[in-house]
Amino acid sequence: MLQVFEAVVRHGGFSAAEVELNLSQSTISNHMAALEERLGIVLCRRGRRGFKLTQEGRSVHEAATRLNAALQDFSADVGSVQGKISGELRIGALDSISDDPQNRLPEAIAEFAEMAPEVKVVLAQEPAQDLQQKVRDGIYHCGIGVDLSPVDGLDHLPLHVETHSLYCGRAHRYFGTPDCDLIRDEVLGQPFVQRGYWRNAQARQNAFRNVAATVFQIEPQLMLIRSGHYLGFLPDPYAERWVRSGDVRRLAVEGWQYTSPFFLITARDKRKSPTVTAFMNATRKAWGIAP
């Protein structure tokens with residue numbers, strides 16, 4: 001019943017979950033009603049206005065997610081007792097990193113698949129502001145991302161450094177302006193799109209005076225920049241193809257650039273599981289990091 005509930009939440013409704021579960025809507029509804037009766041609470045509202053979780057439903061879904069992760073980890077631990085690496089490896093990764101030639105995650109996964117062919121890999125895109133905490137909570141075994149702020153109980157293995165520069169869209173007034181003609185104080189007053197997960201020091205360093213939009217991922221930031229109304233920072237490897245297509249332009253002015261170190265993030269356990277240890281070894285090999 002919890003598996004049915006998780007699928008319904010993930011798909012946003014009963015009908016959308018039919019194909020994955022291979023169950024009719026009436027059967028799904030019966031499972032949900034039985035689960036609500038078993039727990040003694042209402043998990044969701046369904047009707048003409050669509051599907052919506054109750055507050056209790058959100059809490060149960062979070063608990064069910066942790067339970068499923070614990071069951072998967074239990075299977076992996078039993079497999080290690082039997083002398084094999086099995087179970088599931090859950091990896092969280094930031095968005096918009098596939099264009100970066102320094103990102104060796106595909107190579108790390110290929111190496112890991114050779115080392116542990118029986119392990120099921122789950123790779124999910126996760127916002128920067130959530131990734132560290134979800135690794136800490138055990139939702140993911142590890143993460144590929146940035147260290148936004150200190151989170152107790154995490155280890156960070158340095159991987160590479162990503163450079164972010166200031167960009168404007170083709171319709172922006174600065175698109176055809178030579179860099180030497182840009183007046184710093186004037187540029188600082190332009191409508192700017194800021195990352196909502198920047199902490200105070202980073203926000204002061206990277207934000208302009210006129211913060212006119214906020215995003216929590218890179219792709220929405222690109223769309224706002226391409227509108228021609230906003231300036232904003234983008235990872236240079238991600239922006240490169242848009243520069244080549246003529247949709248955006250990098251403003252090459254000193255001081256309007258910053259670096260973002262990437263890490264392999266894992267929980268600081270006394271004993272890393274064989275699955276996580278194998279992936280850490282695969283990651284070191286892919287990035288050329290000495291053991």
# chains A, B, ... in the order shown; residues from 1 in each chain; ligands from 1
>>> closest_atom_pairs(of="range 118-217 of chain A", to="range 67-71 of chain A", cutoff="9 Å", atoms="only C-alpha atoms", output="tab-separated table")
residue	atom	partner	partner_atom	distance
A:Gly138	CA	A:Ala69	CA	7.1
A:Ile139	CA	A:Ala69	CA	6.4
A:Tyr140	CA	A:Ala69	CA	8.3
>>> residues_around(residues="range 211-222 of chain A", least_positions_apart="3", cutoff="6 Å", atoms="only C-alpha atoms", output="list in words")
Pro191, Phe192, Val193, Gln194, Arg195, Gly196 and Ile225 of chain A
>>> write_last_selection(atoms="N, CA and C atoms", output="PDB file, in the first residue's frame")
ATOM      1  N   PRO A 191      18.548  45.015 -14.281  1.00  0.00           N
ATOM      2  CA  PRO A 191      17.764  43.911 -13.702  1.00  0.00           C
ATOM      3  C   PRO A 191      18.587  42.626 -13.688  1.00  0.00           C
ATOM      4  N   PHE A 192      18.623  41.986 -12.532  1.00  0.00           N
ATOM      5  CA  PHE A 192      19.525  40.861 -12.309  1.00  0.00           C
ATOM      6  C   PHE A 192      18.738  39.672 -11.788  1.00  0.00           C
ATOM      7  N   VAL A 193      19.071  38.461 -12.260  1.00  0.00           N
ATOM      8  CA  VAL A 193      18.438  37.241 -11.755  1.00  0.00           C
ATOM      9  C   VAL A 193      19.402  36.558 -10.795  1.00  0.00           C
ATOM     10  N   GLN A 194      18.936  36.333  -9.582  1.00  0.00           N
ATOM     11  CA  GLN A 194      19.783  35.824  -8.506  1.00  0.00           C
ATOM     12  C   GLN A 194      19.404  34.393  -8.158  1.00  0.00           C
ATOM     13  N   ARG A 195      20.386  33.617  -7.688  1.00  0.00           N
ATOM     14  CA  ARG A 195      20.133  32.264  -7.197  1.00  0.00           C
ATOM     15  C   ARG A 195      19.535  32.338  -5.792  1.00  0.00           C
ATOM     16  N   GLY A 196      18.400  31.719  -5.623  1.00  0.00           N
ATOM     17  CA  GLY A 196      17.712  31.791  -4.341  1.00  0.00           C
ATOM     18  C   GLY A 196      18.423  31.062  -3.225  1.00  0.00           C
ATOM     19  N   ILE A 225      17.625  34.862 -18.659  1.00  0.00           N
ATOM     20  CA  ILE A 225      18.693  35.611 -19.326  1.00  0.00           C
ATOM     21  C   ILE A 225      18.410  35.721 -20.813  1.00  0.00           C
TER      22      ILE A 225
END
>>> closest_residue(among="A:Phe51, A:Tyr167, A:Gly288, A:Ser24", to="His11 in chain A", atoms="only C-alpha atoms")
A:Phe51
>>> closest_residue(among="A:Asp236, A:Glu118, A:Asp152, A:Glu254", to="Cys180 in chain A", atoms="only C-alpha atoms")
A:Glu254
>>> select_by_dssp(residues="range 54-156 of chain A", states="strand (DSSP E or B)", output="list in words")
Glu88, Leu89, Arg90, Ile91, Gly92, Ala93, Lys120, Val121, Val122, Leu123, Ala124, Gln125, Cys142, Gly143, Ile144, Gly145, Leu154, Asp155 and His156 of chain A
>>> atom_distance(atom1="CA of Pro150 in chain A", atom2="CA of Gln132 in chain A")
9.1 Å
>>> atom_distance(atom1="CA of Gly255 in chain A", atom2="CA of Glu186 in chain A")
14.7 Å
>>> select_by_dssp(residues="range 62-279 of chain A", states="alpha helix (DSSP H)", output="ChimeraX atom specification")
/A:62-81,105-115,128-136,184-188,200-206,218-226,236-244,274-279
>>> closest_residue(among="A:Arg209, A:Arg244, A:Arg268, A:Arg284", to="Leu159 in chain A", atoms="only C-alpha atoms")
A:Arg284
